[in-house]
file query-v6.txt (compact mmCIF, N, CA and C atoms)
# COMPACT_ATOMS: atom_id res chain seq x y z
N GLN W 1 99.65 141.01 46.63
CA GLN W 1 99.79 140.79 48.05
C GLN W 1 100.09 139.31 48.30
N VAL W 2 101.20 139.03 48.94
CA VAL W 2 101.58 137.65 49.22
C VAL W 2 100.67 137.07 50.30
N GLN W 3 100.23 135.86 50.08
CA GLN W 3 99.43 135.15 51.08
C GLN W 3 100.15 133.88 51.50
N LEU W 4 99.98 133.51 52.75
CA LEU W 4 100.47 132.24 53.25
C LEU W 4 99.29 131.29 53.34
N VAL W 5 99.43 130.13 52.74
CA VAL W 5 98.34 129.16 52.69
C VAL W 5 98.74 127.93 53.49
N GLU W 6 97.95 127.66 54.54
CA GLU W 6 98.23 126.53 55.41
C GLU W 6 97.34 125.35 55.07
N SER W 7 97.83 124.17 55.39
CA SER W 7 97.03 122.95 55.23
C SER W 7 97.52 121.91 56.22
N GLY W 8 96.69 120.89 56.42
CA GLY W 8 97.11 119.77 57.25
C GLY W 8 96.45 119.67 58.60
N GLY W 9 95.65 120.66 58.97
CA GLY W 9 94.97 120.57 60.26
C GLY W 9 93.85 119.55 60.22
N GLY W 10 93.27 119.33 61.39
CA GLY W 10 92.16 118.39 61.46
C GLY W 10 91.94 117.86 62.86
N LEU W 11 91.16 116.79 62.93
CA LEU W 11 90.84 116.14 64.20
C LEU W 11 91.69 114.88 64.33
N VAL W 12 92.32 114.73 65.48
CA VAL W 12 93.17 113.56 65.71
C VAL W 12 93.00 113.13 67.16
N GLN W 13 93.18 111.85 67.41
CA GLN W 13 93.09 111.33 68.76
C GLN W 13 94.37 111.62 69.54
N PRO W 14 94.27 111.68 70.85
CA PRO W 14 95.49 111.85 71.65
C PRO W 14 96.52 110.79 71.31
N GLY W 15 97.77 111.23 71.19
CA GLY W 15 98.84 110.33 70.80
C GLY W 15 99.08 110.27 69.31
N GLY W 16 98.19 110.86 68.54
CA GLY W 16 98.31 110.83 67.10
C GLY W 16 99.24 111.89 66.56
N SER W 17 99.31 111.96 65.23
CA SER W 17 100.23 112.88 64.55
C SER W 17 99.51 113.65 63.47
N LEU W 18 100.01 114.84 63.21
CA LEU W 18 99.58 115.65 62.09
C LEU W 18 100.79 116.38 61.53
N ARG W 19 100.71 116.71 60.26
CA ARG W 19 101.78 117.50 59.63
C ARG W 19 101.14 118.72 58.98
N LEU W 20 101.55 119.88 59.45
CA LEU W 20 101.06 121.13 58.88
C LEU W 20 102.03 121.64 57.82
N SER W 21 101.47 122.22 56.78
CA SER W 21 102.28 122.82 55.72
C SER W 21 101.85 124.26 55.51
N CYS W 22 102.78 125.06 55.09
CA CYS W 22 102.51 126.47 54.81
C CYS W 22 103.34 126.88 53.60
N ALA W 23 102.67 127.41 52.60
CA ALA W 23 103.36 127.84 51.39
C ALA W 23 102.92 129.26 51.02
N ALA W 24 103.87 130.04 50.54
CA ALA W 24 103.55 131.40 50.11
C ALA W 24 103.00 131.39 48.69
N SER W 25 102.08 132.30 48.43
CA SER W 25 101.46 132.38 47.10
C SER W 25 102.37 133.03 46.07
N ALA W 26 103.40 133.71 46.54
CA ALA W 26 104.38 134.33 45.67
C ALA W 26 105.72 134.34 46.39
N ILE W 27 106.74 134.64 45.67
CA ILE W 27 108.08 134.61 46.26
C ILE W 27 108.22 135.72 47.31
N ILE W 28 108.77 135.32 48.45
CA ILE W 28 109.13 136.28 49.49
C ILE W 28 110.65 136.31 49.55
N TYR W 29 111.20 137.46 49.34
CA TYR W 29 112.66 137.60 49.33
C TYR W 29 113.18 137.95 50.73
N ASP W 30 114.41 137.59 50.96
CA ASP W 30 115.10 137.97 52.21
C ASP W 30 114.34 137.53 53.44
N ILE W 31 113.95 136.27 53.47
CA ILE W 31 113.27 135.74 54.65
C ILE W 31 114.22 135.68 55.83
N ASN W 32 113.78 136.14 56.97
CA ASN W 32 114.59 136.11 58.19
C ASN W 32 114.16 134.97 59.12
N VAL W 33 112.83 134.83 59.27
CA VAL W 33 112.31 133.82 60.20
C VAL W 33 111.03 133.21 59.61
N MET W 34 110.88 131.90 59.76
CA MET W 34 109.63 131.22 59.44
C MET W 34 109.21 130.48 60.71
N GLY W 35 107.91 130.52 60.99
CA GLY W 35 107.49 129.88 62.22
C GLY W 35 106.02 129.55 62.27
N TRP W 36 105.65 128.91 63.36
CA TRP W 36 104.27 128.55 63.65
C TRP W 36 103.87 129.08 65.02
N TYR W 37 102.68 129.65 65.09
CA TYR W 37 102.08 130.09 66.33
C TYR W 37 100.77 129.35 66.50
N ARG W 38 100.23 129.38 67.71
CA ARG W 38 98.91 128.80 67.93
C ARG W 38 98.13 129.64 68.93
N GLN W 39 96.82 129.54 68.77
CA GLN W 39 95.93 130.31 69.64
C GLN W 39 94.74 129.45 70.01
N ALA W 40 94.63 129.17 71.31
CA ALA W 40 93.49 128.44 71.82
C ALA W 40 92.38 129.43 72.18
N PRO W 41 91.14 128.97 72.26
CA PRO W 41 90.04 129.89 72.58
C PRO W 41 90.27 130.62 73.90
N GLY W 42 90.13 131.93 73.87
CA GLY W 42 90.28 132.73 75.06
C GLY W 42 91.70 132.99 75.50
N LYS W 43 92.66 132.55 74.67
CA LYS W 43 94.07 132.72 75.04
C LYS W 43 94.79 133.53 73.98
N GLN W 44 95.97 133.99 74.32
CA GLN W 44 96.76 134.76 73.38
C GLN W 44 97.44 133.84 72.37
N ARG W 45 97.90 134.43 71.29
CA ARG W 45 98.63 133.69 70.28
C ARG W 45 100.08 133.52 70.74
N ASP W 46 100.53 132.28 70.80
CA ASP W 46 101.86 131.98 71.31
C ASP W 46 102.72 131.31 70.25
N LEU W 47 104.02 131.53 70.35
CA LEU W 47 104.96 130.87 69.46
C LEU W 47 105.03 129.38 69.77
N VAL W 48 104.97 128.56 68.73
CA VAL W 48 105.15 127.12 68.87
C VAL W 48 106.58 126.74 68.48
N ALA W 49 107.01 127.20 67.32
CA ALA W 49 108.35 126.88 66.84
C ALA W 49 108.72 127.86 65.76
N SER W 50 110.02 128.13 65.64
CA SER W 50 110.50 129.03 64.60
C SER W 50 111.87 128.58 64.13
N ILE W 51 112.17 128.95 62.90
CA ILE W 51 113.46 128.63 62.31
C ILE W 51 113.96 129.88 61.60
N ILE W 52 115.18 130.30 61.96
CA ILE W 52 115.73 131.51 61.35
C ILE W 52 116.53 131.14 60.11
N SER W 53 116.88 132.12 59.35
CA SER W 53 117.53 131.87 58.08
C SER W 53 118.87 131.15 58.24
N GLY W 54 119.52 131.33 59.38
CA GLY W 54 120.79 130.65 59.61
C GLY W 54 120.63 129.21 60.04
N GLY W 55 119.39 128.81 60.33
CA GLY W 55 119.12 127.43 60.69
C GLY W 55 118.79 127.20 62.14
N ALA W 56 119.01 128.18 63.01
CA ALA W 56 118.71 127.97 64.43
C ALA W 56 117.20 127.82 64.62
N ILE W 57 116.85 126.89 65.49
CA ILE W 57 115.45 126.54 65.73
C ILE W 57 115.09 126.77 67.20
N THR W 58 113.89 127.28 67.41
CA THR W 58 113.37 127.49 68.75
C THR W 58 112.03 126.77 68.88
N TYR W 59 111.83 126.12 70.02
CA TYR W 59 110.56 125.46 70.32
C TYR W 59 110.01 125.96 71.64
N ALA W 60 108.70 126.05 71.72
CA ALA W 60 108.08 126.27 73.02
C ALA W 60 108.35 125.04 73.89
N ASP W 61 108.52 125.26 75.18
CA ASP W 61 108.82 124.15 76.08
C ASP W 61 107.76 123.06 76.00
N SER W 62 106.53 123.45 75.79
CA SER W 62 105.42 122.50 75.82
C SER W 62 105.43 121.52 74.64
N VAL W 63 106.19 121.83 73.59
CA VAL W 63 106.19 120.96 72.41
C VAL W 63 107.55 120.32 72.15
N LYS W 64 108.55 120.65 72.92
CA LYS W 64 109.88 120.09 72.71
C LYS W 64 109.84 118.57 72.78
N GLY W 65 110.50 117.95 71.82
CA GLY W 65 110.55 116.50 71.78
C GLY W 65 109.37 115.86 71.07
N ARG W 66 108.34 116.66 70.77
CA ARG W 66 107.14 116.14 70.09
C ARG W 66 106.94 116.77 68.71
N PHE W 67 107.27 118.03 68.59
CA PHE W 67 107.07 118.75 67.32
C PHE W 67 108.41 119.00 66.65
N THR W 68 108.39 119.02 65.32
CA THR W 68 109.58 119.31 64.54
C THR W 68 109.23 120.30 63.44
N ILE W 69 109.94 121.41 63.41
CA ILE W 69 109.75 122.41 62.37
C ILE W 69 110.84 122.24 61.31
N SER W 70 110.46 122.42 60.07
CA SER W 70 111.43 122.42 58.98
C SER W 70 110.97 123.44 57.95
N GLY W 71 111.91 123.92 57.19
CA GLY W 71 111.55 124.95 56.23
C GLY W 71 112.48 124.98 55.05
N ASP W 72 111.99 125.55 53.99
CA ASP W 72 112.77 125.74 52.77
C ASP W 72 112.52 127.18 52.32
N SER W 73 113.42 128.07 52.68
CA SER W 73 113.20 129.49 52.37
C SER W 73 113.20 129.73 50.86
N ALA W 74 113.95 128.93 50.13
CA ALA W 74 113.98 129.10 48.67
C ALA W 74 112.62 128.79 48.05
N LYS W 75 111.90 127.86 48.66
CA LYS W 75 110.57 127.51 48.18
C LYS W 75 109.48 128.20 48.98
N ASN W 76 109.89 129.03 49.93
CA ASN W 76 108.92 129.76 50.76
C ASN W 76 107.91 128.81 51.39
N THR W 77 108.41 127.73 51.95
CA THR W 77 107.54 126.72 52.54
C THR W 77 108.07 126.34 53.91
N VAL W 78 107.16 126.12 54.84
CA VAL W 78 107.54 125.69 56.18
C VAL W 78 106.54 124.62 56.63
N TRP W 79 107.06 123.62 57.36
CA TRP W 79 106.25 122.51 57.83
C TRP W 79 106.36 122.39 59.35
N LEU W 80 105.35 121.77 59.92
CA LEU W 80 105.38 121.46 61.34
C LEU W 80 104.88 120.03 61.52
N GLN W 81 105.79 119.14 61.88
CA GLN W 81 105.42 117.75 62.18
C GLN W 81 105.07 117.68 63.66
N MET W 82 103.87 117.23 63.95
CA MET W 82 103.39 117.17 65.32
C MET W 82 103.11 115.73 65.69
N ASN W 83 103.84 115.21 66.65
CA ASN W 83 103.67 113.84 67.12
C ASN W 83 103.23 113.83 68.58
N SER W 84 102.74 112.71 69.02
CA SER W 84 102.31 112.54 70.41
C SER W 84 101.40 113.68 70.84
N LEU W 85 100.43 113.97 70.02
CA LEU W 85 99.55 115.12 70.29
C LEU W 85 98.72 114.92 71.54
N LYS W 86 98.50 116.02 72.23
CA LYS W 86 97.75 116.04 73.48
C LYS W 86 96.53 116.95 73.33
N PRO W 87 95.51 116.75 74.13
CA PRO W 87 94.34 117.64 74.06
C PRO W 87 94.71 119.11 74.21
N GLU W 88 95.71 119.39 75.01
CA GLU W 88 96.12 120.79 75.21
C GLU W 88 96.81 121.39 73.99
N ASP W 89 97.07 120.60 72.98
CA ASP W 89 97.60 121.13 71.72
C ASP W 89 96.48 121.67 70.83
N THR W 90 95.25 121.47 71.23
CA THR W 90 94.12 121.96 70.45
C THR W 90 94.16 123.48 70.34
N ALA W 91 94.13 123.97 69.12
CA ALA W 91 94.23 125.40 68.87
C ALA W 91 94.13 125.64 67.37
N VAL W 92 94.04 126.91 67.02
CA VAL W 92 94.23 127.32 65.63
C VAL W 92 95.72 127.61 65.45
N TYR W 93 96.31 126.98 64.45
CA TYR W 93 97.73 127.14 64.19
C TYR W 93 97.93 128.10 63.02
N PHE W 94 98.82 129.06 63.23
CA PHE W 94 99.09 130.09 62.23
C PHE W 94 100.53 130.02 61.76
N CYS W 95 100.70 130.11 60.47
CA CYS W 95 102.02 130.21 59.88
C CYS W 95 102.45 131.68 59.89
N ASN W 96 103.74 131.91 60.09
CA ASN W 96 104.25 133.28 60.14
C ASN W 96 105.60 133.35 59.42
N VAL W 97 105.77 134.36 58.61
CA VAL W 97 107.04 134.61 57.93
C VAL W 97 107.41 136.08 58.13
N ARG W 98 108.66 136.30 58.48
CA ARG W 98 109.18 137.67 58.63
C ARG W 98 110.35 137.83 57.68
N ALA W 99 110.37 138.94 56.97
CA ALA W 99 111.40 139.13 55.96
C ALA W 99 111.86 140.59 55.95
N ASN W 100 112.89 140.82 55.11
CA ASN W 100 113.37 142.19 54.92
C ASN W 100 113.71 142.82 56.25
N LEU W 101 114.65 142.18 56.96
CA LEU W 101 115.11 142.66 58.27
C LEU W 101 113.93 142.80 59.23
N MET W 102 113.02 141.86 59.17
CA MET W 102 111.88 141.75 60.07
C MET W 102 110.84 142.85 59.85
N ARG W 103 110.99 143.64 58.79
CA ARG W 103 110.04 144.73 58.55
C ARG W 103 108.76 144.27 57.88
N ASP W 104 108.85 143.14 57.15
CA ASP W 104 107.66 142.60 56.48
C ASP W 104 107.20 141.36 57.25
N VAL W 105 105.95 141.36 57.63
CA VAL W 105 105.40 140.26 58.42
C VAL W 105 104.18 139.69 57.71
N TYR W 106 104.18 138.38 57.54
CA TYR W 106 103.09 137.70 56.85
C TYR W 106 102.48 136.66 57.79
N TRP W 107 101.16 136.55 57.74
CA TRP W 107 100.44 135.55 58.53
C TRP W 107 99.54 134.72 57.62
N GLY W 108 99.43 133.45 57.95
CA GLY W 108 98.45 132.62 57.29
C GLY W 108 97.08 132.82 57.92
N GLN W 109 96.08 132.20 57.33
CA GLN W 109 94.71 132.38 57.80
C GLN W 109 94.39 131.48 59.00
N GLY W 110 95.27 130.53 59.27
CA GLY W 110 95.06 129.64 60.41
C GLY W 110 94.44 128.32 60.00
N THR W 111 94.85 127.27 60.67
CA THR W 111 94.27 125.95 60.45
C THR W 111 93.97 125.32 61.81
N GLN W 112 92.78 124.76 61.93
CA GLN W 112 92.34 124.21 63.22
C GLN W 112 92.95 122.83 63.45
N VAL W 113 93.50 122.66 64.63
CA VAL W 113 93.97 121.35 65.08
C VAL W 113 93.19 121.01 66.35
N THR W 114 92.50 119.89 66.32
CA THR W 114 91.72 119.44 67.47
C THR W 114 92.19 118.06 67.87
N VAL W 115 92.59 117.94 69.12
CA VAL W 115 93.05 116.65 69.65
C VAL W 115 92.02 116.19 70.68
N SER W 116 91.32 115.14 70.32
CA SER W 116 90.22 114.67 71.17
C SER W 116 89.91 113.22 70.86
N SER W 117 89.49 112.51 71.91
CA SER W 117 89.07 111.12 71.71
C SER W 117 87.56 111.06 71.46

call {"tool": "encode", "arguments": {"input": "query-v6.txt", "output": "structure tokens"}}
result
Amino acid sequence: QVQLVESGGGLVQPGGSLRLSCAASAIIYDINVMGWYRQAPGKQRDLVASIISGGAITYADSVKGRFTISGDSAKNTVWLQMNSLKPEDTAVYFCNVRANLMRDVYWGQGTQVTVSS
């Protein structure tokens, strides 16, 4: 069973930066989309950013200009560079990979990001 392993979360002050990483424990073939979602307490899980196999990138409006997603499908790895962090960015961040014509869906276990002074 393939697992997605995330790292890079933590506590940071407002205005600070963090870089999240996500790597698959085994090769995932035919990746269609790699992305990051986040879920704050009491709220639904929302898309933060995604990158499709052709290279097109989507960002949530709330993170545009501050976050940058990058990925390497050959290495089954995706990153999220987060700059100018705000308290409202506080959430558990989940890595997501969809493959095989979107029929296979993988989730990471989540990594906590807390933005607070």

call {"tool": "closest_residue", "arguments": {"input": "query-v6.txt", "among": "W:Val48, W:Leu20, W:Met34, W:Ile69", "to": "Tyr106 (chain W)", "atoms": "only C-alpha atoms"}}
result
W:Met34

call {"tool": "residues_around", "arguments": {"input": "query-v6.txt", "residues": "Asn76 (chain W)", "least_positions_apart": "4", "cutoff": "8 Å", "atoms": "all atoms listed in the file", "output": "list in words"}}
result
Cys22, Ala23, Ala24, Ser25, Ala26, Ile27, Ile28, Gly71 and Asp72 of chain W

call {"tool": "residues_around", "arguments": {"input": "query-v6.txt", "residues": "Glu6 (chain W)", "least_positions_apart": "3", "cutoff": "6.5 Å", "atoms": "only N, CA and C atoms", "output": "list of chain:residue names"}}
result
W:Gly9, W:Ser21, W:Cys22, W:Ala23, W:Gly108, W:Gln109, W:Gly110, W:Thr111

call {"tool": "closest_residue", "arguments": {"input": "query-v6.txt", "among": "W:Val92, W:Ile51, W:Ala74, W:Met82", "to": "Tyr37 (chain W)", "atoms": "only C-alpha atoms"}}
result
W:Val92

call {"tool": "atom_distance", "arguments": {"input": "query-v6.txt", "atom1": "atom C of Leu101 (chain W)", "atom2": "CA of Gly55 (chain W)"}}
result
16.3 Å

call {"tool": "atom_distance", "arguments": {"input": "query-v6.txt", "atom1": "atom C of Arg38 (chain W)", "atom2": "atom C of Asp89 (chain W)"}}
result
8.4 Å

call {"tool": "residues_around", "arguments": {"input": "query-v6.txt", "residues": "Gln39 (chain W)", "least_positions_apart": "3", "cutoff": "5 Å", "atoms": "all atoms listed in the file", "output": "PyMOL selection string"}}
result
chain W and resi 44-45+91-92

call {"tool": "write_last_selection", "arguments": {"input": "query-v6.txt", "atoms": "N, CA and C atoms", "output": "PDB file, in the coordinates of the input"}}
result
ATOM      1  N   GLN W  44      95.970 133.990  74.320  1.00  0.00           N
ATOM      2  CA  GLN W  44      96.760 134.760  73.380  1.00  0.00           C
ATOM      3  C   GLN W  44      97.440 133.840  72.370  1.00  0.00           C
ATOM      4  N   ARG W  45      97.900 134.430  71.290  1.00  0.00           N
ATOM      5  CA  ARG W  45      98.630 133.690  70.280  1.00  0.00           C
ATOM      6  C   ARG W  45     100.080 133.520  70.740  1.00  0.00           C
ATOM      7  N   ALA W  91      94.130 123.970  69.120  1.00  0.00           N
ATOM      8  CA  ALA W  91      94.230 125.400  68.870  1.00  0.00           C
ATOM      9  C   ALA W  91      94.130 125.640  67.370  1.00  0.00           C
ATOM     10  N   VAL W  92      94.040 126.910  67.020  1.00  0.00           N
ATOM     11  CA  VAL W  92      94.230 127.320  65.630  1.00  0.00           C
ATOM     12  C   VAL W  92      95.720 127.610  65.450  1.00  0.00           C
TER      13      VAL W  92
END

call {"tool": "closest_residue", "arguments": {"input": "query-v6.txt", "among": "W:Val12, W:Val33, W:Ala49, W:Leu18", "to": "Arg98 (chain W)", "atoms": "all atoms listed in the file"}}
result
W:Val33

call {"tool": "closest_residue", "arguments": {"input": "query-v6.txt", "among": "W:Leu85, W:Lys43, W:Val97, W:Val78", "to": "Ile31 (chain W)", "atoms": "all atoms listed in the file"}}
result
W:Val97

call {"tool": "residues_around", "arguments": {"input": "query-v6.txt", "residues": "Asn100 (chain W)", "least_positions_apart": "3", "cutoff": "6.5 Å", "atoms": "all atoms listed in the file", "output": "ChimeraX atom specification"}}
result
/W:29-32,103-104

call {"tool": "write_last_selection", "arguments": {"input": "query-v6.txt", "atoms": "N, CA and C atoms", "output": "compact mmCIF listing (two decimals), in the coordinates of the input"}}
result
# COMPACT_ATOMS: atom_id res chain seq x y z
N TYR W 29 111.20 137.46 49.34
CA TYR W 29 112.66 137.60 49.33
C TYR W 29 113.18 137.95 50.73
N ASP W 30 114.41 137.59 50.96
CA ASP W 30 115.10 137.97 52.21
C ASP W 30 114.34 137.53 53.44
N ILE W 31 113.95 136.27 53.47
CA ILE W 31 113.27 135.74 54.65
C ILE W 31 114.22 135.68 55.83
N ASN W 32 113.78 136.14 56.97
CA ASN W 32 114.59 136.11 58.19
C ASN W 32 114.16 134.97 59.12
N ARG W 103 110.99 143.64 58.79
CA ARG W 103 110.04 144.73 58.55
C ARG W 103 108.76 144.27 57.88
N ASP W 104 108.85 143.14 57.15
CA ASP W 104 107.66 142.60 56.48
C ASP W 104 107.20 141.36 57.25

call {"tool": "atom_distance", "arguments": {"input": "query-v6.txt", "atom1": "atom N of Thr77 (chain W)", "atom2": "CA of Gly42 (chain W)"}}
result
29.8 Å

call {"tool": "axis_aligned_box", "arguments": {"input": "query-v6.txt", "around": "region 26-42 of chain W", "padding_each_side": "5 Å", "output": "JSON"}}
result
{"center_x": 102.6, "center_y": 133.2, "center_z": 60.6, "size_x": 35.1, "size_y": 19.5, "size_z": 39.8}

call {"tool": "closest_residue", "arguments": {"input": "query-v6.txt", "among": "W:Val113, W:Val5, W:Ile57, W:Ala40", "to": "Cys95 (chain W)", "atoms": "only N, CA and C atoms"}}
result
W:Val5

call {"tool": "select_by_dssp", "arguments": {"input": "query-v6.txt", "residues": "region 14-114 of chain W", "states": "helix (DSSP H, G or I)", "output": "PyMOL selection string"}}
result
chain W and resi 61-63+87-89

call {"tool": "closest_residue", "arguments": {"input": "query-v6.txt", "among": "W:Trp36, W:Phe67, W:Phe94, W:Trp107", "to": "Gln81 (chain W)", "atoms": "all atoms listed in the file"}}
result
W:Phe67
